[in-house]
Amino acid sequence: MAVRNKLIAGSLTVMLATAFVQYHEGTKNYAYRDPVGIPTWCTGETKITLGKKIEVGKTYFTDKECAQILEQSLQRYNKPLETLNYELERGAHIAFLDFTLNAGEATFNKSSMMRYLKQGNVRYACDSLLKYKYAQGIDCSKSKKCAGVWSRRFNEWKVCTNKISIEEFLLRVGKLPKEYVDAIED
């Protein structure tokens with residue numbers, strides 16, 4: 001059986017997914033603690049270290065190393081989507097990949113999203129993104145403390161349901177990669 005929803009290095013989907021994740025996560029070339037206290041570096045990374053010992057405030061990464069880490073991370077968090085027996089539309093693919101990278105593979109695998117995707121019900125899976133609006137027990141759709149979580153879920157939902165295309169979203173927020181524009185103009 002052919003693998004579906006595979007990420008191909010340098011592909012348009014990878015370019016757009018990278019930009020979408022970077023928009024939500026930001027990139028810091030050093031180790032820091034995220035809002036819930038987890039040591040984090042580069043573009044929201046918590047696992048791939050490239051062999052470096054992580055010390056908050058002391059470990060630094062180059063732009064190239066952060067890009068390499070994000071590429072490896074996208075590949076890792078894409079694995080559950082590769083188990084589906086059909087190809088997702090690009091927006092939905094990127095939305096679920098962004099969610100998985102943010103919430104974790106275990107959370108995604110046991111979610112209603114994955115159940116719906118396995119049933120082929122992409123619309124219900126997209127709508128389920130909006131259920132994941134809590135951080136440390138706080139409803140982020142109603143709290144400024146964690147409004148970024150709600151904003152991210154809402155953006156994922158809009159892209160997933162084609163309320164806005166991934167390209168239009170990135171264009172509106174000023175993050176559409178130049179390489180993408182060049183590739184579609186050729």
# chains A, B, ... in the order shown; residues from 1 in each chain; ligands from 1

$ residues_around --residues "Arg152 in chain A" --least-positions-apart "6" --cutoff "10 Å" --atoms "only C-alpha atoms" --output "MDAnalysis selection string"
chainID A and resid 20:21 23:25 95 98:99 102 129:130 133 158

$ write_last_selection --atoms "N, CA, C and O atoms" --output "tab-separated table (two decimals), in the first residue's frame"
chain	number	residue	atom	x	y	z
A	20	PHE	N	3.48	28.07	8.53
A	20	PHE	CA	2.32	28.06	9.43
A	20	PHE	C	2.77	27.80	10.88
A	20	PHE	O	2.37	28.49	11.81
A	21	VAL	N	3.64	26.80	11.05
A	21	VAL	CA	4.15	26.47	12.38
A	21	VAL	C	4.97	27.65	12.93
A	21	VAL	O	4.81	28.05	14.08
A	23	TYR	N	4.73	30.77	12.22
A	23	TYR	CA	3.83	31.87	12.57
A	23	TYR	C	3.27	31.68	13.99
A	23	TYR	O	3.22	32.61	14.78
A	24	HIS	N	2.88	30.46	14.31
A	24	HIS	CA	2.28	30.20	15.62
A	24	HIS	C	3.31	30.05	16.73
A	24	HIS	O	3.07	30.47	17.86
A	25	GLU	N	4.43	29.45	16.44
A	25	GLU	CA	5.44	29.16	17.47
A	25	GLU	C	6.47	30.27	17.64
A	25	GLU	O	6.97	30.48	18.73
A	95	ALA	N	-3.06	21.74	8.95
A	95	ALA	CA	-3.74	22.04	10.22
A	95	ALA	C	-3.51	20.91	11.23
A	95	ALA	O	-3.18	21.17	12.40
A	98	ASP	N	0.15	20.82	12.33
A	98	ASP	CA	0.43	21.89	13.30
A	98	ASP	C	-0.12	21.52	14.68
A	98	ASP	O	0.56	21.69	15.69
A	99	PHE	N	-1.34	21.00	14.71
A	99	PHE	CA	-1.92	20.58	15.99
A	99	PHE	C	-1.06	19.51	16.66
A	99	PHE	O	-0.76	19.59	17.85
A	102	ASN	N	2.05	20.82	18.12
A	102	ASN	CA	1.78	21.65	19.30
A	102	ASN	C	1.31	20.81	20.51
A	102	ASN	O	1.77	21.02	21.63
A	129	LEU	N	-10.95	20.24	16.17
A	129	LEU	CA	-9.81	21.09	16.56
A	129	LEU	C	-10.23	22.10	17.63
A	129	LEU	O	-9.46	22.42	18.53
A	130	LEU	N	-11.46	22.61	17.50
A	130	LEU	CA	-11.92	23.66	18.40
A	130	LEU	C	-12.17	23.17	19.83
A	130	LEU	O	-12.30	23.98	20.75
A	133	LYS	N	-9.06	23.71	23.36
A	133	LYS	CA	-8.89	25.13	23.65
A	133	LYS	C	-8.46	25.38	25.09
A	133	LYS	O	-8.52	26.50	25.57
A	158	LYS	N	-9.88	27.20	10.56
A	158	LYS	CA	-10.18	27.95	9.34
A	158	LYS	C	-9.48	27.35	8.13
A	158	LYS	O	-10.09	27.20	7.06

$ residues_around --residues "Ser73 in chain A" --least-positions-apart "2" --cutoff "12 Å" --atoms "only C-alpha atoms" --output "PyMOL selection string"
chain A and resi 7+14+17-18+21+42-50+66-71+75-79+97-98+100-102+104-105

$ residues_around --residues "Met113 in chain A" --least-positions-apart "6" --cutoff "12 Å" --atoms "only C-alpha atoms" --output "list in words"
Pro80, Leu81, Ala92, Ala95, Phe96, Leu97, Phe99, Thr100, Glu105, Thr107, Gln119, Gly120, Asn121, Val122, Arg123, Tyr124, Ala125, Cys126, Asp127, Ser128, Leu129, Leu130, Lys131, Tyr132, Trp157 and Cys160 of chain A

$ closest_residue --among "A:Arg4, A:Arg153, A:Arg172, A:Arg115" --to "Ala103 in chain A" --atoms "only C-alpha atoms"
A:Arg153

$ select_by_dssp --residues "range 21-127 of chain A" --states "strand (DSSP E)" --output "number ranges by chain"
A: 28-33, 39-42

$ residues_around --residues "Glu179 in chain A" --least-positions-apart "2" --cutoff "10 Å" --atoms "only C-alpha atoms" --output "number ranges by chain"
A: 10, 12, 15-16, 176-177, 181-185

$ closest_residue --among "A:Lys163, A:Leu84, A:Phe154, A:Cys140" --to "Tyr116 in chain A" --atoms "only C-alpha atoms"
A:Leu84

$ select_by_dssp --residues "range 149-180 of chain A" --states "alpha helix (DSSP H)" --output "list in words"
Val149, Trp150, Ser151, Arg152, Arg153, Phe154, Asn155, Glu156, Trp157, Lys158, Val159, Cys160, Ile166, Glu167, Glu168, Phe169, Leu170, Leu171, Arg172, Lys178, Glu179 and Tyr180 of chain A

$ write_last_selection --atoms "C-alpha atoms" --output "PDB file, in the first residue's frame"
ATOM      1  CA  VAL A 149      -3.853  28.656  22.169  1.00  0.00           C
ATOM      2  CA  TRP A 150      -7.371  29.616  21.083  1.00  0.00           C
ATOM      3  CA  SER A 151      -6.074  31.748  18.214  1.00  0.00           C
ATOM      4  CA  ARG A 152      -3.971  28.826  16.980  1.00  0.00           C
ATOM      5  CA  ARG A 153      -6.881  26.330  17.165  1.00  0.00           C
ATOM      6  CA  PHE A 154      -9.149  28.805  15.345  1.00  0.00           C
ATOM      7  CA  ASN A 155      -6.534  29.369  12.624  1.00  0.00           C
ATOM      8  CA  GLU A 156      -6.059  25.603  12.242  1.00  0.00           C
ATOM      9  CA  TRP A 157      -9.849  25.189  11.970  1.00  0.00           C
ATOM     10  CA  LYS A 158     -10.180  27.950   9.340  1.00  0.00           C
ATOM     11  CA  VAL A 159      -7.445  26.399   7.194  1.00  0.00           C
ATOM     12  CA  CYS A 160      -8.701  22.853   7.789  1.00  0.00           C
ATOM     13  CA  ILE A 166      -3.404  28.060   3.716  1.00  0.00           C
ATOM     14  CA  GLU A 167      -1.841  30.296   1.060  1.00  0.00           C
ATOM     15  CA  GLU A 168      -4.311  33.137   1.696  1.00  0.00           C
ATOM     16  CA  PHE A 169      -3.862  32.824   5.461  1.00  0.00           C
ATOM     17  CA  LEU A 170      -0.068  33.068   5.172  1.00  0.00           C
ATOM     18  CA  LEU A 171      -0.352  35.941   2.693  1.00  0.00           C
ATOM     19  CA  ARG A 172      -2.621  37.882   5.087  1.00  0.00           C
ATOM     20  CA  LYS A 178       8.979  33.739  -1.265  1.00  0.00           C
ATOM     21  CA  GLU A 179      10.130  30.300  -2.435  1.00  0.00           C
ATOM     22  CA  TYR A 180       6.483  29.252  -2.664  1.00  0.00           C
TER      23      TYR A 180
END

$ atom_distance --atom1 "CA of Thr27 in chain A" --atom2 "CA of Pro39 in chain A"
13.8 Å

$ atom_distance --atom1 "CA of Gly137 in chain A" --atom2 "CA of Met114 in chain A"
22.3 Å

$ atom_distance --atom1 "CA of Tyr30 in chain A" --atom2 "CA of Val56 in chain A"
7.6 Å

$ closest_residue --among "A:Gly51, A:Gly91, A:Gly57, A:Gly148" --to "Lys28 in chain A" --atoms "only C-alpha atoms"
A:Gly57
